[in-house]
>>> print(open('final-v2.csv').read())   # CSV, N, CA and C atoms
chain,number,residue,atom,x,y,z
F,14,MET,N,-99.9,-256.2,-83.5
F,14,MET,CA,-98.7,-256.5,-82.8
F,14,MET,C,-97.4,-256.2,-83.6
F,15,LYS,N,-97.4,-256.5,-84.9
F,15,LYS,CA,-96.3,-256.2,-85.7
F,15,LYS,C,-96.0,-254.7,-85.7
F,16,ARG,N,-97.0,-253.9,-85.8
F,16,ARG,CA,-96.9,-252.5,-85.8
F,16,ARG,C,-96.2,-251.9,-84.6
F,17,ILE,N,-96.6,-252.4,-83.4
F,17,ILE,CA,-96.0,-252.0,-82.1
F,17,ILE,C,-94.6,-252.4,-82.1
F,18,CYS,N,-94.2,-253.6,-82.5
F,18,CYS,CA,-92.8,-254.0,-82.5
F,18,CYS,C,-92.0,-253.2,-83.5
F,19,GLY,N,-92.6,-252.9,-84.6
F,19,GLY,CA,-91.9,-252.0,-85.6
F,19,GLY,C,-91.6,-250.6,-85.0
F,20,LEU,N,-92.6,-250.1,-84.3
F,20,LEU,CA,-92.4,-248.8,-83.7
F,20,LEU,C,-91.4,-248.8,-82.6
F,21,GLN,N,-91.4,-249.9,-81.8
F,21,GLN,CA,-90.4,-250.1,-80.7
F,21,GLN,C,-89.0,-250.2,-81.3
F,22,CYS,N,-88.9,-251.0,-82.3
F,22,CYS,CA,-87.6,-251.2,-83.0
F,22,CYS,C,-87.1,-249.9,-83.5
F,23,ALA,N,-87.9,-249.1,-84.2
F,23,ALA,CA,-87.5,-247.9,-84.8
F,23,ALA,C,-87.1,-246.9,-83.7
F,24,GLY,N,-87.8,-246.9,-82.6
F,24,GLY,CA,-87.5,-246.0,-81.4
F,24,GLY,C,-86.1,-246.4,-80.8
F,25,THR,N,-85.9,-247.7,-80.7
F,25,THR,CA,-84.6,-248.2,-80.2
F,25,THR,C,-83.5,-247.8,-81.1
F,26,VAL,N,-83.6,-248.0,-82.4
F,26,VAL,CA,-82.6,-247.6,-83.3
F,26,VAL,C,-82.3,-246.1,-83.2
F,27,ALA,N,-83.3,-245.3,-83.2
F,27,ALA,CA,-83.1,-243.8,-83.1
F,27,ALA,C,-82.4,-243.5,-81.8
F,28,LEU,N,-82.8,-244.1,-80.7
F,28,LEU,CA,-82.1,-243.9,-79.4
F,28,LEU,C,-80.6,-244.3,-79.4
F,29,LEU,N,-80.3,-245.4,-80.0
F,29,LEU,CA,-79.0,-245.9,-80.1
F,29,LEU,C,-78.1,-244.9,-81.0
F,30,LEU,N,-78.7,-244.5,-82.1
F,30,LEU,CA,-78.0,-243.5,-82.9
F,30,LEU,C,-77.7,-242.2,-82.2
F,31,THR,N,-78.6,-241.8,-81.4
F,31,THR,CA,-78.4,-240.5,-80.6
F,31,THR,C,-77.4,-240.7,-79.6
F,32,VAL,N,-77.4,-241.8,-78.9
F,32,VAL,CA,-76.5,-242.1,-77.8
F,32,VAL,C,-75.1,-242.3,-78.3
F,33,THR,N,-74.9,-243.0,-79.4
F,33,THR,CA,-73.6,-243.2,-80.0
F,33,THR,C,-73.0,-242.1,-80.8
F,34,GLY,N,-73.9,-241.1,-81.1
F,34,GLY,CA,-73.4,-240.0,-81.9
F,34,GLY,C,-73.4,-240.2,-83.4
F,35,GLU,N,-73.8,-241.3,-83.8
F,35,GLU,CA,-73.7,-241.6,-85.3
F,35,GLU,C,-74.8,-240.9,-86.0
F,36,GLY,N,-75.9,-240.5,-85.3
F,36,GLY,CA,-76.9,-239.7,-86.0
F,36,GLY,C,-76.7,-238.2,-85.9
F,37,ALA,N,-75.8,-237.8,-85.2
F,37,ALA,CA,-75.5,-236.4,-85.0
F,37,ALA,C,-74.8,-235.8,-86.1
F,38,ALA,N,-75.0,-234.5,-86.3
F,38,ALA,CA,-74.3,-233.7,-87.4
F,38,ALA,C,-72.9,-233.6,-87.0
F,39,ALA,N,-72.0,-233.6,-88.1
F,39,ALA,CA,-70.6,-233.4,-87.8
F,39,ALA,C,-70.3,-232.1,-87.1
F,40,ASP,N,-69.3,-232.1,-86.3
F,40,ASP,CA,-68.9,-231.0,-85.5
F,40,ASP,C,-67.5,-230.5,-86.0
F,41,ARG,N,-67.6,-229.4,-86.7
F,41,ARG,CA,-66.3,-228.8,-87.3
F,41,ARG,C,-65.4,-228.4,-86.2
F,42,LEU,N,-65.8,-227.9,-85.1
F,42,LEU,CA,-64.9,-227.4,-84.0
F,42,LEU,C,-64.2,-228.6,-83.5
F,43,HIS,N,-64.9,-229.7,-83.3
F,43,HIS,CA,-64.2,-230.9,-82.8
F,43,HIS,C,-63.2,-231.4,-83.9
F,44,GLY,N,-63.6,-231.3,-85.2
F,44,GLY,CA,-62.7,-231.7,-86.3
F,44,GLY,C,-61.4,-230.8,-86.3
F,45,ARG,N,-61.6,-229.5,-86.0
F,45,ARG,CA,-60.4,-228.7,-85.9
F,45,ARG,C,-59.5,-229.1,-84.7
F,46,ALA,N,-60.1,-229.5,-83.6
F,46,ALA,CA,-59.3,-229.9,-82.5
F,46,ALA,C,-58.5,-231.2,-82.8
F,47,ILE,N,-59.2,-232.1,-83.6
F,47,ILE,CA,-58.5,-233.4,-84.0
F,47,ILE,C,-57.4,-233.0,-85.0
F,48,ALA,N,-57.6,-232.1,-85.9
F,48,ALA,CA,-56.6,-231.7,-86.9
F,48,ALA,C,-55.4,-231.1,-86.2
F,49,GLN,N,-55.7,-230.2,-85.2
F,49,GLN,CA,-54.6,-229.6,-84.6
F,49,GLN,C,-53.7,-230.5,-83.7
F,50,ARG,N,-54.4,-231.5,-83.2
F,50,ARG,CA,-53.7,-232.5,-82.3
F,50,ARG,C,-52.9,-233.5,-83.1
F,51,TRP,N,-53.6,-234.1,-84.2
F,51,TRP,CA,-53.0,-235.2,-84.9
F,51,TRP,C,-52.4,-234.9,-86.2
F,52,CYS,N,-52.8,-233.8,-86.9
F,52,CYS,CA,-52.4,-233.6,-88.3
F,52,CYS,C,-51.5,-232.4,-88.5
F,53,SER,N,-51.4,-231.5,-87.5
F,53,SER,CA,-50.7,-230.3,-87.7
F,53,SER,C,-49.1,-230.4,-87.7
F,54,GLU,N,-48.7,-231.6,-87.3
F,54,GLU,CA,-47.2,-231.8,-87.4
F,54,GLU,C,-46.7,-231.9,-88.8
F,55,CYS,N,-47.6,-232.4,-89.7
F,55,CYS,CA,-47.2,-232.5,-91.2
F,55,CYS,C,-48.0,-231.5,-92.0
F,56,HIS,N,-49.3,-231.4,-91.8
F,56,HIS,CA,-50.2,-230.6,-92.6
F,56,HIS,C,-50.4,-229.2,-92.0
F,57,VAL,N,-50.5,-228.2,-92.9
F,57,VAL,CA,-51.0,-226.9,-92.4
F,57,VAL,C,-52.5,-227.1,-92.3
F,58,VAL,N,-53.1,-227.0,-91.1
F,58,VAL,CA,-54.5,-227.3,-90.9
F,58,VAL,C,-55.3,-226.0,-90.6
F,59,ALA,N,-54.7,-224.9,-90.4
F,59,ALA,CA,-55.4,-223.7,-90.1
F,59,ALA,C,-54.7,-222.5,-90.7
F,60,PRO,N,-55.5,-221.4,-91.0
F,60,PRO,CA,-54.8,-220.2,-91.4
F,60,PRO,C,-53.9,-219.7,-90.3
F,61,GLY,N,-52.8,-219.2,-90.7
F,61,GLY,CA,-51.9,-218.6,-89.7
F,61,GLY,C,-50.9,-219.6,-89.1
F,62,GLN,N,-51.1,-220.9,-89.4
F,62,GLN,CA,-50.1,-221.9,-88.9
F,62,GLN,C,-48.8,-221.7,-89.7
F,63,VAL,N,-47.7,-221.7,-88.9
F,63,VAL,CA,-46.5,-221.3,-89.5
F,63,VAL,C,-45.6,-222.5,-89.8
F,64,ARG,N,-45.9,-223.7,-89.3
F,64,ARG,CA,-45.1,-224.8,-89.7
F,64,ARG,C,-45.9,-226.0,-90.2
F,65,GLY,N,-45.3,-226.8,-90.9
F,65,GLY,CA,-45.9,-228.0,-91.6
F,65,GLY,C,-45.0,-228.4,-92.7
F,66,SER,N,-45.2,-229.5,-93.2
F,66,SER,CA,-44.3,-230.0,-94.3
F,66,SER,C,-44.7,-229.4,-95.6
F,67,ASP,N,-43.7,-229.0,-96.4
F,67,ASP,CA,-44.1,-228.5,-97.7
F,67,ASP,C,-44.2,-229.7,-98.7
F,68,THR,N,-44.1,-230.9,-98.3
F,68,THR,CA,-44.3,-232.1,-99.2
F,68,THR,C,-45.6,-232.7,-99.1
F,69,VAL,N,-46.5,-232.2,-98.2
F,69,VAL,CA,-47.9,-232.7,-98.1
F,69,VAL,C,-48.8,-231.5,-98.3
F,70,PRO,N,-50.0,-231.8,-98.8
F,70,PRO,CA,-51.0,-230.7,-99.1
F,70,PRO,C,-51.5,-230.1,-97.8
F,71,THR,N,-51.9,-228.9,-97.9
F,71,THR,CA,-52.5,-228.2,-96.8
F,71,THR,C,-54.0,-228.7,-96.7
F,72,PHE,N,-54.6,-228.5,-95.6
F,72,PHE,CA,-56.0,-228.8,-95.4
F,72,PHE,C,-56.9,-228.0,-96.4
F,73,ALA,N,-56.5,-226.8,-96.7
F,73,ALA,CA,-57.2,-225.9,-97.6
F,73,ALA,C,-57.1,-226.6,-99.0
F,74,GLN,N,-56.0,-227.1,-99.4
F,74,GLN,CA,-55.8,-227.7,-100.7
F,74,GLN,C,-56.6,-229.0,-100.8
F,75,ILE,N,-56.6,-229.8,-99.7
F,75,ILE,CA,-57.4,-231.0,-99.7
F,75,ILE,C,-58.9,-230.7,-99.8
F,76,GLY,N,-59.3,-229.7,-99.0
F,76,GLY,CA,-60.7,-229.3,-99.0
F,76,GLY,C,-61.2,-228.9,-100.4
F,77,GLU,N,-60.4,-228.2,-101.1
F,77,GLU,CA,-60.7,-227.7,-102.4
F,77,GLU,C,-60.5,-228.7,-103.5
F,78,SER,N,-59.9,-229.8,-103.3
F,78,SER,CA,-59.5,-230.8,-104.3
F,78,SER,C,-60.8,-231.5,-104.8
F,79,GLU,N,-60.9,-231.7,-106.1
F,79,GLU,CA,-62.0,-232.4,-106.7
F,79,GLU,C,-61.8,-233.9,-106.5
F,80,ARG,N,-60.6,-234.3,-106.2
F,80,ARG,CA,-60.3,-235.7,-105.9
F,80,ARG,C,-61.0,-236.2,-104.7
F,81,PHE,N,-61.1,-235.3,-103.7
F,81,PHE,CA,-61.7,-235.7,-102.4
F,81,PHE,C,-63.0,-235.0,-102.1
F,82,ASP,N,-64.1,-235.8,-102.3
F,82,ASP,CA,-65.4,-235.3,-101.8
F,82,ASP,C,-65.5,-235.8,-100.4
F,83,GLU,N,-66.6,-235.5,-99.7
F,83,GLU,CA,-66.8,-235.9,-98.4
F,83,GLU,C,-66.7,-237.5,-98.2
F,84,ARG,N,-67.3,-238.2,-99.1
F,84,ARG,CA,-67.3,-239.7,-99.0
F,84,ARG,C,-65.9,-240.2,-99.2
F,85,SER,N,-65.2,-239.8,-100.2
F,85,SER,CA,-63.9,-240.4,-100.5
F,85,SER,C,-62.9,-240.0,-99.4
F,86,LEU,N,-63.0,-238.7,-98.9
F,86,LEU,CA,-62.1,-238.3,-97.9
F,86,LEU,C,-62.3,-239.1,-96.6
F,87,ALA,N,-63.6,-239.4,-96.3
F,87,ALA,CA,-63.9,-240.2,-95.1
F,87,ALA,C,-63.3,-241.6,-95.3
F,88,ALA,N,-63.5,-242.2,-96.5
F,88,ALA,CA,-62.9,-243.5,-96.7
F,88,ALA,C,-61.4,-243.5,-96.6
F,89,PHE,N,-60.8,-242.5,-97.1
F,89,PHE,CA,-59.3,-242.4,-97.0
F,89,PHE,C,-58.9,-242.3,-95.5
F,90,LEU,N,-59.6,-241.5,-94.7
F,90,LEU,CA,-59.2,-241.4,-93.3
F,90,LEU,C,-59.5,-242.7,-92.5
F,91,ALA,N,-60.5,-243.4,-93.0
F,91,ALA,CA,-60.8,-244.7,-92.3
F,91,ALA,C,-59.7,-245.8,-92.5
F,92,THR,N,-59.1,-245.7,-93.7
F,92,THR,CA,-58.1,-246.7,-94.1
F,92,THR,C,-56.9,-245.9,-94.7
F,93,PRO,N,-56.1,-245.3,-94.0
F,93,PRO,CA,-55.0,-244.5,-94.5
F,93,PRO,C,-54.1,-245.4,-95.5
F,94,HIS,N,-53.8,-244.8,-96.6
F,94,HIS,CA,-53.1,-245.5,-97.7
F,94,HIS,C,-51.6,-245.1,-97.8
F,95,HIS,N,-51.2,-244.0,-97.1
F,95,HIS,CA,-49.9,-243.5,-97.2
F,95,HIS,C,-49.0,-244.0,-96.1
F,96,SER,N,-47.9,-244.5,-96.5
F,96,SER,CA,-47.0,-245.1,-95.4
F,96,SER,C,-46.5,-244.1,-94.4
F,97,ARG,N,-46.4,-242.8,-94.8
F,97,ARG,CA,-46.0,-241.8,-93.9
F,97,ARG,C,-47.1,-241.3,-93.0
F,98,MET,N,-48.4,-241.6,-93.3
F,98,MET,CA,-49.5,-241.2,-92.5
F,98,MET,C,-49.8,-242.2,-91.5
F,99,PRO,N,-49.9,-241.9,-90.2
F,99,PRO,CA,-50.2,-242.9,-89.2
F,99,PRO,C,-51.6,-243.3,-89.2
F,100,ASN,N,-51.8,-244.5,-88.7
F,100,ASN,CA,-53.2,-245.0,-88.6
F,100,ASN,C,-53.7,-244.4,-87.3
F,101,LEU,N,-54.6,-243.5,-87.4
F,101,LEU,CA,-55.1,-242.7,-86.2
F,101,LEU,C,-56.2,-243.5,-85.5
F,102,SER,N,-56.8,-244.5,-86.1
F,102,SER,CA,-57.9,-245.3,-85.5
F,102,SER,C,-59.0,-244.3,-85.0
F,103,LEU,N,-59.5,-243.4,-85.9
F,103,LEU,CA,-60.5,-242.5,-85.5
F,103,LEU,C,-61.9,-243.2,-85.6
F,104,THR,N,-62.8,-242.8,-84.8
F,104,THR,CA,-64.2,-243.3,-84.9
F,104,THR,C,-64.9,-242.7,-86.1
F,105,ARG,N,-66.0,-243.3,-86.4
F,105,ARG,CA,-66.7,-242.7,-87.6
F,105,ARG,C,-67.2,-241.3,-87.3
F,106,ALA,N,-67.5,-241.0,-86.0
F,106,ALA,CA,-67.9,-239.6,-85.7
F,106,ALA,C,-66.7,-238.7,-85.8
F,107,GLU,N,-65.6,-239.1,-85.3
F,107,GLU,CA,-64.4,-238.3,-85.4
F,107,GLU,C,-64.0,-238.0,-86.9
F,108,ILE,N,-64.1,-239.0,-87.7
F,108,ILE,CA,-63.8,-238.9,-89.1
F,108,ILE,C,-64.8,-237.9,-89.7
F,109,ALA,N,-66.1,-238.0,-89.4
F,109,ALA,CA,-67.1,-237.0,-89.9
F,109,ALA,C,-66.8,-235.6,-89.5
F,110,ASP,N,-66.3,-235.5,-88.2
F,110,ASP,CA,-66.0,-234.1,-87.7
F,110,ASP,C,-64.7,-233.6,-88.5
F,111,LEU,N,-63.7,-234.4,-88.7
F,111,LEU,CA,-62.5,-234.0,-89.4
F,111,LEU,C,-62.8,-233.7,-90.8
F,112,VAL,N,-63.6,-234.5,-91.5
F,112,VAL,CA,-64.0,-234.2,-92.9
F,112,VAL,C,-64.8,-232.9,-93.0
F,113,ALA,N,-65.7,-232.7,-92.0
F,113,ALA,CA,-66.5,-231.4,-92.0
F,113,ALA,C,-65.5,-230.2,-91.9
F,114,TYR,N,-64.5,-230.3,-91.0
F,114,TYR,CA,-63.6,-229.2,-90.9
F,114,TYR,C,-62.8,-229.0,-92.1
F,115,ILE,N,-62.3,-230.1,-92.7
F,115,ILE,CA,-61.4,-230.0,-93.9
F,115,ILE,C,-62.3,-229.4,-95.1
F,116,LYS,N,-63.5,-229.8,-95.3
F,116,LYS,CA,-64.3,-229.4,-96.4
F,116,LYS,C,-64.8,-227.9,-96.2
F,117,ALA,N,-64.7,-227.5,-94.9
F,117,ALA,CA,-65.2,-226.1,-94.7
F,117,ALA,C,-64.1,-225.1,-95.0
F,118,LYS,N,-62.9,-225.5,-95.2
F,118,LYS,CA,-61.7,-224.6,-95.4
F,118,LYS,C,-61.9,-223.9,-96.7
>>> encode(input="final-v2.csv", output="structure tokens")
Amino acid sequence: MKRICGLQCAGTVALLLTVTGEGAAADRLHGRAIAQRWCSECHVVAPGQVRGSDTVPTFAQIGESERFDERSLAAFLATPHHSRMPNLSLTRAEIADLVAYIKAK
């Protein structure tokens, strides 16, 4: 009986992760769309972008930075620390997508 319950619970968890997207791989294309919509006003988020602030790092610089690995960048985006950076209230999946895009630069 315990084994059946364990299998059912594991199956339920796997189904929930699939439905909520938490178990899915990060989507860099969706990350690019998020970056272009929410970040490109201040950051240069893509090659060929002609405007952005020169007082903030480009996404290429952030992606290459040793200070920000995937985990620390995700934590930063989940709880923005900079007063000039808006609280975007991104989901974990959106943060993963954005991090994947930034780190791919």
>>> residues_around(input="final-v2.csv", residues="range 59-75 of chain F", least_positions_apart="2", cutoff="9 Å", atoms="only C-alpha atoms", output="PyMOL selection string")
chain F and resi 45+48-49+53-57+77-81+86+114-118
>>> residues_around(input="final-v2.csv", residues="Ile108 in chain F", least_positions_apart="3", cutoff="8 Å", atoms="only N, CA and C atoms", output="number ranges by chain")
F: 39, 44, 86-87, 90-91, 102-105, 111-114
>>> atom_distance(input="final-v2.csv", atom1="atom C of Arg50 in chain F", atom2="atom N of Glu107 in chain F")
14.1 Å
>>> atom_distance(input="final-v2.csv", atom1="atom C of Arg97 in chain F", atom2="atom C of Leu42 in chain F")
23.3 Å
>>> atom_distance(input="final-v2.csv", atom1="atom C of Ala46 in chain F", atom2="atom C of Asp110 in chain F")
8.8 Å
>>> closest_residue(input="final-v2.csv", among="F:Val58, F:Ile47, F:Ala109, F:Ala38", to="Ser85 in chain F", atoms="only C-alpha atoms")
F:Ala109
